[in-house]
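Novice: Shown below is the structure under consideration.
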Amino acid sequence: MRELNPFSYAFHEDPYPTYRWLRDEQPVYRNDQLDFWALSRYHDVVEASRDWATYSSAEGTTLERLDPRLGEHLPMMIFLDPPQQTRLRALVSKVFTPRRVAALEPFIRERTLHYLTPLVAAGGGDFVKEFSALLPMDVIFTLLGVPSEERNRLRELIDASLHRDPDTPAIPASAAEAMAQQVRYWFALVAERRRRPQDDLVSHLIAAEVPSPAGAPERLTDPEVAGFLNLLAAAGNETVTKLLANAIVLLARHPEAYATLRADSARVPDAVEEVLRYTSPSQYQGRTLMRDVELHGQTMPQGARVLLLTASANRDERAFGDPDRFDIGRQQLVPLGFGYGVHSCLGAAVARLEGRVALEEFARRVAHVSVDESRLQRVHMSNVHGFSGVPFRAA
Ligand code: HEM
C-alpha cells in the first residue's frame, strides 16, 4: 500500500514519484495513521492557498501540531490568520520592499566573494558547509542585528530544532531543547536592545508603533518581537541554504544549463526560478480546516489537518509541460515555491537576490562544476527539503 509520509527518510531522497501517484490517483489524499489530508494538484493548491478563511494557519503549518502555548509565548505571523497576521506583516513589510532589498546587493556580493574565493582557489570543498549555510546566515543576521560571534551557534540550533527522526512526527528531545535555547537567546537579545538600542531590526521592532485593534498606537510586546526574530531567523537561513545547494547539484547534473549561464548571466534569474520549481526547499504548507470542504467527490471535515503540497503542484503536468525536465528556459506560471496568498513569502526578493548574486559569481569563476553524488548528505526535516553536505569540485 503506497503512502505519503513526510517523515520517511526514503521519501526525502526522492518525493516526486509519490507526488505523481497522489496527483493521478489520490488528489484528495487521506492518511489515517498520521491523521492528515493532502492536496497535490496545482489548481487545488492555489485555490486552497488563496482561501485563508477556510484553510487556517493558526494551528501551525507543519504536520506536527503546534504547542497551543506557543501562540502566547512566541506569536509568529506565519501561525496567525488575518487580521492579526496582517497587522504584524505590515510592520516588517517595509524592510523587504524592492528598494530596501536592492540596497542589500553590494553587501550580499561582498559576503558571496568572501566565502567563494577560497573555495574556488582550493578547487572545491563542501558547498553547504563552506558556502550556502553561511551566506544566508550573514544576510539575515546582519539585518536582524545578531552579533557575528553568536551566528554559527544560533544557526546550528535552528538546524537542530528542525531535525526529525525517521517515520514519526514526534519532536525529538534534542530538537525541543535546541528550540528552547533559541527562544531564550531571542528574549535575551530583546532585553539587551531595550537597554542599548542599535540601528538594527530588533531595535526598530521594539520602537515601532502599531495601531491596536481599538485604533490607539501601541508597542509590540517582548514575545511579539522575539517571535519575529525566531521566524525571520529560521525562514531566512534554512530555505536559502537549500535553494543555493539544490542549484549547484542541478547545474552539475545539467552541464548544458550551466554553460548557458556562463555564456549569459542575464539567464541567472530564470535558473533560480526553475531550481525553486524543480526542487522546492519548502515542500508543503500545512493548514487546518475551518469548515467541511468537498473536493473531487470527497469530504474533508472541519478541524482536519490538510497539507498543501506546493512541491507537487510545481511538478503538475496539468500546469507545466514536461514537468520532470529541468529547463531554465521555461515560461513560468505563478510559481508556488514561495507559497501563495496572504502568507506568501515575505523574504522572496531577498532570497531571489541571494540566489542571483551567488550563481552569477559562481558561474563567473568556475568553468566546470561536478558534485560527488555518492557523498551527498540530506537534511531530514518536516517540510524543508535539501542537503546538509554537497562535496563539489570546481575547475
Ligand atoms: C528560497 C528561499 C525561501 C523559500 C523557498 C521560502 C518559502 C516560503 C513559503 C513557502 C512561505 C509560505 C508559508 C505559508 O504559507 O504557510 C514563506 C513565508 C515566509 N517567509 Fe519565506 N522562503 C524563503 C526565504 C525567505 C527569506 C530569506 C525570508 C526572510 C528574509 C523569509 C521570510 C518569510 C516569512 C516572514 C514568511 C511568513 C509570511 C507570513 O506569514 O505572512 N523567507 N516562505
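We label chains A, B, ... in the order they appear in the C-alpha cells, count residues from 1 in each chain, and number ligands from 1 in the order shown.
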7 Å from ligand 1 is the threshold here; counting only C-alpha atoms and all ligand atoms, which polymer residues fall inside it? Answer as number ranges by chain.
Specialist: A: 57, 61, 77-79, 85, 89, 140, 231-232, 235-237, 239-240, 243, 276, 280-282, 285-286, 337-340, 342-348, 350-351
Novice: Running DSSP on the backbone, which parts of segment 73-194 of chain A land in alpha helix (DSSP H), as a CSV table (one decimal) with C-alpha atoms, in the first residue's frame?
Specialist:
```
chain,number,residue,atom,x,y,z
A,73,HIS,CA,4.7,32.7,24.4
A,84,GLN,CA,-3.8,39.6,13.4
A,85,GLN,CA,-1.3,38.4,10.7
A,86,THR,CA,-2.0,41.5,8.6
A,87,ARG,CA,-1.1,43.8,11.5
A,88,LEU,CA,2.2,42.1,12.1
A,89,ARG,CA,3.1,41.7,8.4
A,90,ALA,CA,2.5,45.4,7.7
A,91,LEU,CA,5.1,46.2,10.4
A,92,VAL,CA,8.0,44.3,8.7
A,93,SER,CA,7.0,44.6,5.1
A,98,PRO,CA,12.1,46.2,-3.6
A,99,ARG,CA,14.1,49.4,-2.9
A,100,ARG,CA,15.3,48.3,0.5
A,101,VAL,CA,16.2,44.8,-0.8
A,102,ALA,CA,18.0,46.2,-3.8
A,105,GLU,CA,23.1,43.8,-3.2
A,106,PRO,CA,26.7,45.2,-2.6
A,107,PHE,CA,26.7,43.6,0.9
A,108,ILE,CA,25.5,40.2,-0.5
A,109,ARG,CA,28.1,40.3,-3.2
A,110,GLU,CA,30.9,41.1,-0.8
A,111,ARG,CA,29.8,38.2,1.5
A,112,THR,CA,29.5,35.9,-1.5
A,113,LEU,CA,33.1,36.6,-2.6
A,114,HIS,CA,34.3,36.3,1.0
A,115,TYR,CA,33.2,32.7,1.1
A,116,LEU,CA,33.5,31.7,-2.5
A,117,THR,CA,37.1,33.0,-3.3
A,118,PRO,CA,38.9,30.5,-1.0
A,119,LEU,CA,36.7,27.6,-2.2
A,120,VAL,CA,37.4,28.3,-5.8
A,121,ALA,CA,41.1,28.7,-5.1
A,127,PHE,CA,29.2,23.7,-0.9
A,134,LEU,CA,27.0,30.9,5.6
A,135,LEU,CA,25.8,33.5,3.1
A,136,PRO,CA,22.1,33.5,4.2
A,137,MET,CA,23.2,33.4,7.8
A,138,ASP,CA,25.2,36.7,7.3
A,139,VAL,CA,22.4,38.3,5.4
A,140,ILE,CA,19.5,37.7,7.8
A,141,PHE,CA,21.5,38.0,11.0
A,142,THR,CA,23.0,41.3,9.8
A,143,LEU,CA,19.5,42.6,9.1
A,144,LEU,CA,18.2,41.4,12.4
A,148,SER,CA,28.9,37.9,14.4
A,149,GLU,CA,30.3,35.8,17.2
A,150,GLU,CA,26.9,34.3,18.0
A,151,ARG,CA,25.8,33.5,14.5
A,152,ASN,CA,27.2,30.0,13.9
A,153,ARG,CA,25.9,28.7,17.2
A,154,LEU,CA,22.4,30.1,16.5
A,155,ARG,CA,22.4,28.7,13.0
A,156,GLU,CA,23.3,25.2,14.4
A,157,LEU,CA,20.4,25.5,16.9
A,158,ILE,CA,18.0,26.3,14.1
A,159,ASP,CA,19.1,23.3,12.1
A,160,ALA,CA,18.9,21.1,15.2
A,161,SER,CA,15.4,22.3,16.1
A,162,LEU,CA,14.0,21.3,12.7
A,173,ALA,CA,14.2,15.8,22.6
A,174,SER,CA,17.3,17.3,21.0
A,175,ALA,CA,15.1,19.4,18.7
A,176,ALA,CA,12.9,20.6,21.5
A,177,GLU,CA,16.0,21.6,23.6
A,178,ALA,CA,17.6,23.4,20.6
A,179,MET,CA,14.3,25.3,20.2
A,180,ALA,CA,14.2,26.3,23.9
A,181,GLN,CA,17.8,27.6,23.7
A,182,GLN,CA,17.0,29.7,20.6
A,183,VAL,CA,13.9,31.2,22.3
A,184,ARG,CA,16.0,32.1,25.4
A,185,TYR,CA,18.5,33.7,23.1
A,186,TRP,CA,15.9,35.9,21.4
A,187,PHE,CA,14.4,37.1,24.7
A,188,ALA,CA,17.9,38.0,25.9
A,189,LEU,CA,18.6,39.9,22.7
A,190,VAL,CA,15.3,41.8,23.0
A,191,ALA,CA,16.2,42.7,26.7
A,192,GLU,CA,19.7,43.8,25.7
A,193,ARG,CA,18.4,46.1,22.8
A,194,ARG,CA,15.8,47.6,25.1
```
Novice: Do you have the atom CA of Met290 of chain A-atom CA of Asp222 of chain A distance handy?
Specialist: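 So the answer is 29.9 Å.
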Novice: Hey, could you make a per-residue contact list for segment 94-182 of chain A against segment 369-388 of chain A with 8 Å as the cut-off, showing the nearest pair of atoms and its distance in Å to one decimal, counting only C-alpha atoms, sorted by chain and number, as a Markdown table?
Specialist:
```
| residue | atom | partner | partner_atom | distance |
| --- | --- | --- | --- | --- |
| A:Val128 | CA | A:Ser388 | CA | 6.1 |
| A:Lys129 | CA | A:Ser388 | CA | 7.3 |
| A:Leu162 | CA | A:Met381 | CA | 5.6 |
| A:His163 | CA | A:Met381 | CA | 5.0 |
| A:Arg164 | CA | A:Met381 | CA | 5.3 |
| A:Asp165 | CA | A:His380 | CA | 7.5 |
```
Novice: Between A:Ala319, A:Pro147, A:Ala234, A:Leu295, which one has atoms that come closest to Asp200 of chain A, using only C-alpha atoms?
Specialist: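 Of A:Ala319, A:Pro147, A:Ala234, A:Leu295, the one nearest Asp200 of chain A is A:Pro147, counting only C-alpha atoms.
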Novice: Pick from A:Arg318, A:Arg41, A:Arg277, A:Arg364: nearest to Ala263 of chain A, with only C-alpha atoms counted?
Specialist: A:Arg364
Novice: List every residue of segment 169-289 of chain A that DSSP, applied to the backbone of this structure, assigns to strand (DSSP E), and report them as a PyMOL selection string.
Specialist: chain A and resi 209-211+217-219+285-289
Novice: List the neighbours of Leu63 of chain A out to 12 Å using only C-alpha atoms; skip same-chain residues closer than 4 positions along the sequence, and give me the result as a short mmCIF file (atom, residue, chain, number, x, y, z; two decimals) with all heavy atoms, in the first residue's frame.
Specialist:
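After the write, result_10.cif holds the following:
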```cif
data_model
loop_
_atom_site.label_atom_id
_atom_site.label_comp_id
_atom_site.auth_asym_id
_atom_site.auth_seq_id
_atom_site.Cartn_x
_atom_site.Cartn_y
_atom_site.Cartn_z
N LEU A 4 1.89 8.56 1.69
CA LEU A 4 2.69 9.78 1.83
C LEU A 4 3.04 9.90 3.30
O LEU A 4 2.15 10.03 4.15
CB LEU A 4 1.87 11.00 1.39
CG LEU A 4 2.45 12.36 1.78
CD1 LEU A 4 3.78 12.62 1.07
CD2 LEU A 4 1.47 13.49 1.46
N ASN A 5 4.34 9.80 3.61
CA ASN A 5 4.80 10.00 4.98
C ASN A 5 5.92 11.05 4.95
O ASN A 5 7.06 10.74 4.60
CB ASN A 5 5.31 8.69 5.58
CG ASN A 5 5.82 8.90 7.01
OD1 ASN A 5 5.96 10.03 7.47
ND2 ASN A 5 6.09 7.81 7.71
N PRO A 6 5.61 12.29 5.32
CA PRO A 6 6.62 13.35 5.23
C PRO A 6 7.82 13.13 6.14
O PRO A 6 8.79 13.89 6.06
CB PRO A 6 5.86 14.62 5.65
CG PRO A 6 4.42 14.28 5.57
CD PRO A 6 4.32 12.80 5.80
N PHE A 7 7.76 12.13 7.01
CA PHE A 7 8.89 11.86 7.92
C PHE A 7 9.73 10.66 7.48
O PHE A 7 10.64 10.26 8.18
CB PHE A 7 8.37 11.63 9.35
CG PHE A 7 7.56 12.80 9.84
CD1 PHE A 7 6.19 12.76 9.84
CD2 PHE A 7 8.20 13.96 10.26
CE1 PHE A 7 5.43 13.85 10.26
CE2 PHE A 7 7.46 15.05 10.68
CZ PHE A 7 6.07 15.00 10.68
N ASN A 31 -4.40 10.17 5.07
CA ASN A 31 -3.52 9.26 5.81
C ASN A 31 -4.13 9.08 7.20
O ASN A 31 -4.10 10.01 8.02
CB ASN A 31 -2.10 9.85 5.88
CG ASN A 31 -1.11 8.90 6.54
OD1 ASN A 31 -1.42 8.29 7.56
ND2 ASN A 31 0.08 8.79 5.97
N LEU A 34 -1.39 8.93 10.34
CA LEU A 34 -0.84 10.22 10.79
C LEU A 34 -1.92 11.30 10.86
O LEU A 34 -1.63 12.45 11.22
CB LEU A 34 0.30 10.65 9.86
CG LEU A 34 1.56 9.79 9.94
CD1 LEU A 34 2.54 10.15 8.81
CD2 LEU A 34 2.26 9.97 11.29
N ASP A 35 -3.15 10.94 10.51
CA ASP A 35 -4.31 11.81 10.66
C ASP A 35 -4.16 13.14 9.91
O ASP A 35 -4.19 14.22 10.50
CB ASP A 35 -4.56 12.07 12.17
CG ASP A 35 -5.89 12.79 12.37
OD1 ASP A 35 -6.74 12.75 11.46
OD2 ASP A 35 -6.06 13.41 13.45
N PHE A 36 -3.96 13.01 8.58
CA PHE A 36 -3.95 14.25 7.79
C PHE A 36 -4.48 13.98 6.38
O PHE A 36 -4.63 12.82 5.97
CB PHE A 36 -2.54 14.85 7.74
CG PHE A 36 -1.57 14.10 6.85
CD1 PHE A 36 -1.43 14.42 5.50
CD2 PHE A 36 -0.77 13.08 7.36
CE1 PHE A 36 -0.53 13.73 4.69
CE2 PHE A 36 0.13 12.40 6.55
CZ PHE A 36 0.24 12.73 5.21
N TRP A 37 -4.77 15.06 5.67
CA TRP A 37 -5.18 15.02 4.28
C TRP A 37 -4.11 15.77 3.47
O TRP A 37 -3.36 16.54 4.07
CB TRP A 37 -6.53 15.70 4.08
CG TRP A 37 -7.65 15.09 4.87
CD1 TRP A 37 -7.86 15.21 6.21
CD2 TRP A 37 -8.71 14.28 4.35
NE1 TRP A 37 -8.99 14.52 6.58
CE2 TRP A 37 -9.55 13.94 5.45
CE3 TRP A 37 -9.06 13.81 3.08
CZ2 TRP A 37 -10.68 13.15 5.31
CZ3 TRP A 37 -10.20 13.03 2.94
CH2 TRP A 37 -10.99 12.70 4.04
N ALA A 38 -4.10 15.55 2.14
CA ALA A 38 -3.14 16.30 1.33
C ALA A 38 -3.70 16.60 -0.06
O ALA A 38 -4.35 15.75 -0.67
CB ALA A 38 -1.83 15.50 1.18
N SER A 57 -4.01 28.95 9.24
CA SER A 57 -2.62 28.68 9.66
C SER A 57 -2.49 28.66 11.17
O SER A 57 -1.39 28.44 11.70
CB SER A 57 -1.69 29.77 9.09
OG SER A 57 -1.68 29.71 7.70
N GLU A 59 -3.17 26.78 13.61
CA GLU A 59 -2.68 25.63 14.39
C GLU A 59 -1.35 25.12 13.86
O GLU A 59 -0.95 23.98 14.11
CB GLU A 59 -3.73 24.51 14.38
CG GLU A 59 -4.90 24.86 15.27
CD GLU A 59 -5.90 23.73 15.41
OE1 GLU A 59 -5.48 22.56 15.38
OE2 GLU A 59 -7.09 24.03 15.51
N ARG A 164 14.09 15.88 12.31
CA ARG A 164 13.07 14.91 12.73
C ARG A 164 13.62 13.49 12.57
O ARG A 164 14.37 13.21 11.64
CB ARG A 164 11.79 15.05 11.88
CG ARG A 164 11.07 16.38 12.09
CD ARG A 164 10.51 16.53 13.49
NE ARG A 164 9.87 17.82 13.71
CZ ARG A 164 10.47 18.87 14.29
NH1 ARG A 164 11.72 18.79 14.70
NH2 ARG A 164 9.82 20.00 14.46
N THR A 168 8.37 9.39 12.13
CA THR A 168 7.49 9.82 13.22
C THR A 168 7.40 11.34 13.33
O THR A 168 8.41 12.03 13.19
CB THR A 168 7.98 9.26 14.58
OG1 THR A 168 7.24 9.92 15.63
CG2 THR A 168 9.46 9.49 14.80
N PRO A 169 6.18 11.84 13.60
CA PRO A 169 6.03 13.28 13.80
C PRO A 169 6.43 13.74 15.21
O PRO A 169 6.42 14.93 15.49
CB PRO A 169 4.53 13.52 13.58
CG PRO A 169 3.88 12.21 13.87
CD PRO A 169 4.90 11.13 13.60
N ALA A 170 6.81 12.76 16.09
CA ALA A 170 7.19 13.14 17.46
C ALA A 170 8.45 14.01 17.39
O ALA A 170 9.42 13.65 16.70
CB ALA A 170 7.47 11.89 18.28
N ILE A 171 8.44 15.13 18.09
CA ILE A 171 9.59 16.04 18.02
C ILE A 171 10.70 15.49 18.91
O ILE A 171 10.48 15.27 20.11
CB ILE A 171 9.16 17.46 18.44
CG1 ILE A 171 8.12 17.97 17.43
CG2 ILE A 171 10.36 18.40 18.52
CD1 ILE A 171 7.53 19.30 17.70
N GLN A 283 8.48 22.15 0.98
CA GLN A 283 7.70 21.17 0.21
C GLN A 283 6.19 21.32 0.36
O GLN A 283 5.44 20.98 -0.54
CB GLN A 283 8.10 19.75 0.64
CG GLN A 283 9.52 19.40 0.28
CD GLN A 283 9.65 18.84 -1.12
OE1 GLN A 283 9.13 17.78 -1.41
NE2 GLN A 283 10.35 19.54 -1.99
N TYR A 284 5.75 21.79 1.51
CA TYR A 284 4.29 21.92 1.70
C TYR A 284 3.98 22.98 2.73
O TYR A 284 4.85 23.36 3.53
CB TYR A 284 3.67 20.57 2.13
CG TYR A 284 4.01 20.15 3.55
CD1 TYR A 284 3.29 20.65 4.64
CD2 TYR A 284 5.04 19.26 3.81
CE1 TYR A 284 3.60 20.28 5.94
CE2 TYR A 284 5.37 18.88 5.11
CZ TYR A 284 4.64 19.39 6.17
OH TYR A 284 4.94 19.04 7.46
N GLN A 285 2.74 23.45 2.73
CA GLN A 285 2.24 24.30 3.81
C GLN A 285 1.05 23.61 4.46
O GLN A 285 0.11 23.23 3.77
CB GLN A 285 1.82 25.68 3.25
CG GLN A 285 2.99 26.60 2.96
CD GLN A 285 3.64 26.29 1.63
OE1 GLN A 285 3.00 26.41 0.60
NE2 GLN A 285 4.89 25.87 1.65
N GLY A 286 1.13 23.47 5.77
CA GLY A 286 0.04 22.81 6.50
C GLY A 286 -1.05 23.81 6.87
O GLY A 286 -0.75 24.97 7.16
N ARG A 287 -2.29 23.35 6.86
CA ARG A 287 -3.41 24.19 7.24
C ARG A 287 -4.42 23.36 8.05
O ARG A 287 -4.38 22.13 8.02
CB ARG A 287 -4.12 24.76 6.00
CG ARG A 287 -3.26 25.62 5.08
CD ARG A 287 -2.91 26.96 5.70
NE ARG A 287 -2.29 27.90 4.78
CZ ARG A 287 -1.00 28.20 4.76
NH1 ARG A 287 -0.17 27.61 5.61
NH2 ARG A 287 -0.53 29.09 3.92
N THR A 288 -5.34 24.04 8.73
CA THR A 288 -6.41 23.35 9.46
C THR A 288 -7.75 23.87 8.93
O THR A 288 -7.93 25.09 8.79
CB THR A 288 -6.30 23.64 10.97
OG1 THR A 288 -4.98 23.26 11.39
CG2 THR A 288 -7.32 22.83 11.75
N ALA A 304 -9.89 19.22 10.19
CA ALA A 304 -8.88 18.32 9.61
C ALA A 304 -7.60 19.10 9.30
O ALA A 304 -7.62 20.28 8.98
CB ALA A 304 -9.40 17.69 8.33
N ARG A 305 -6.49 18.37 9.41
CA ARG A 305 -5.19 18.90 9.01
C ARG A 305 -5.03 18.63 7.52
O ARG A 305 -5.19 17.49 7.07
CB ARG A 305 -4.14 18.10 9.78
CG ARG A 305 -2.80 18.72 9.80
CD ARG A 305 -2.85 19.91 10.63
NE ARG A 305 -1.58 20.26 11.21
CZ ARG A 305 -1.45 21.36 11.88
NH1 ARG A 305 -2.48 22.16 12.06
NH2 ARG A 305 -0.29 21.66 12.40
N VAL A 306 -4.67 19.65 6.72
CA VAL A 306 -4.51 19.46 5.28
C VAL A 306 -3.13 19.99 4.87
O VAL A 306 -2.78 21.13 5.19
CB VAL A 306 -5.58 20.22 4.47
CG1 VAL A 306 -5.47 19.90 2.99
CG2 VAL A 306 -6.97 19.90 4.98
N LEU A 307 -2.37 19.15 4.17
CA LEU A 307 -1.09 19.61 3.64
C LEU A 307 -1.29 20.09 2.20
O LEU A 307 -1.82 19.34 1.37
CB LEU A 307 -0.04 18.48 3.65
CG LEU A 307 0.22 17.78 4.99
CD1 LEU A 307 1.44 16.87 4.88
CD2 LEU A 307 0.39 18.78 6.13
N LEU A 308 -0.87 21.32 1.93
CA LEU A 308 -0.93 21.84 0.57
C LEU A 308 0.46 21.60 -0.03
O LEU A 308 1.44 22.27 0.33
CB LEU A 308 -1.26 23.34 0.58
CG LEU A 308 -2.50 23.73 1.40
CD1 LEU A 308 -2.73 25.24 1.35
CD2 LEU A 308 -3.72 22.97 0.93
N LEU A 309 0.54 20.61 -0.91
CA LEU A 309 1.85 20.14 -1.40
C LEU A 309 2.33 21.01 -2.56
O LEU A 309 2.17 20.66 -3.74
CB LEU A 309 1.77 18.68 -1.82
CG LEU A 309 1.36 17.67 -0.73
CD1 LEU A 309 1.07 16.30 -1.34
CD2 LEU A 309 2.44 17.56 0.34
N MET A 381 13.91 16.97 7.66
CA MET A 381 13.04 17.92 8.34
C MET A 381 11.62 17.70 7.85
O MET A 381 11.40 16.99 6.86
CB MET A 381 13.51 19.35 8.03
CG MET A 381 14.94 19.63 8.54
SD MET A 381 15.54 21.25 8.03
CE MET A 381 17.11 21.33 8.93
N SER A 382 10.66 18.33 8.52
CA SER A 382 9.27 18.04 8.19
C SER A 382 8.88 18.56 6.81
O SER A 382 8.30 17.84 6.02
CB SER A 382 8.39 18.68 9.27
OG SER A 382 7.06 18.38 9.05
N ASN A 383 9.16 19.83 6.53
CA ASN A 383 8.79 20.33 5.19
C ASN A 383 9.94 21.03 4.47
O ASN A 383 9.76 21.50 3.35
CB ASN A 383 7.57 21.25 5.25
CG ASN A 383 7.87 22.57 5.93
OD1 ASN A 383 8.86 22.70 6.64
ND2 ASN A 383 7.02 23.56 5.71
#
```
Novice: Quick one: pull the distance between atom CA of Ala133 of chain A and atom CA of Ala233 of chain A, Å, one decimal.
Specialist: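 Those two atoms sit 12.5 Å apart.
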Novice: Neighbouring residues of Asp264 of chain A were defined as those with any atom within 10 Å, considering only C-alpha atoms; residues of the same chain fewer than 5 positions away were excluded. Please report them as a PyMOL selection string.
Specialist: chain A and resi 258-259+360+363-364
Novice: Suppose we keep N, CA and C atoms; can you now write the selection as an mmCIF file, in the first residue's frame?
Specialist:
```
data_model
loop_
_atom_site.group_PDB
_atom_site.id
_atom_site.type_symbol
_atom_site.label_atom_id
_atom_site.label_comp_id
_atom_site.auth_asym_id
_atom_site.auth_seq_id
_atom_site.Cartn_x
_atom_site.Cartn_y
_atom_site.Cartn_z
ATOM 1 N N TYR A 258 24.301 24.935 -17.275
ATOM 2 C CA TYR A 258 25.384 25.693 -16.641
ATOM 3 C C TYR A 258 26.155 26.497 -17.696
ATOM 4 N N ALA A 259 26.388 25.877 -18.857
ATOM 5 C CA ALA A 259 27.099 26.583 -19.936
ATOM 6 C C ALA A 259 26.285 27.797 -20.384
ATOM 7 N N GLU A 360 25.647 34.136 -10.101
ATOM 8 C CA GLU A 360 26.440 34.985 -11.020
ATOM 9 C C GLU A 360 27.931 34.861 -10.704
ATOM 10 N N ALA A 363 29.314 31.247 -11.417
ATOM 11 C CA ALA A 363 29.461 30.947 -12.848
ATOM 12 C C ALA A 363 30.593 31.770 -13.470
ATOM 13 N N ARG A 364 30.821 32.960 -12.947
ATOM 14 C CA ARG A 364 31.901 33.804 -13.469
ATOM 15 C C ARG A 364 33.280 33.171 -13.197
#
```
Novice: I'd like to know which of A:Glu72, A:Asp51, A:Asp44, A:Glu274 is closest to Glu224 of chain A, using only C-alpha atoms.
Specialist: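 That would be A:Glu72, the residue with the smallest distance to Glu224 of chain A.
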Novice: Provide the atom CA of Leu220 of chain A to atom CA of Ala349 of chain A distance in Å, to one decimal place.
Specialist: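 Distance between the two atoms: 25.4 Å.
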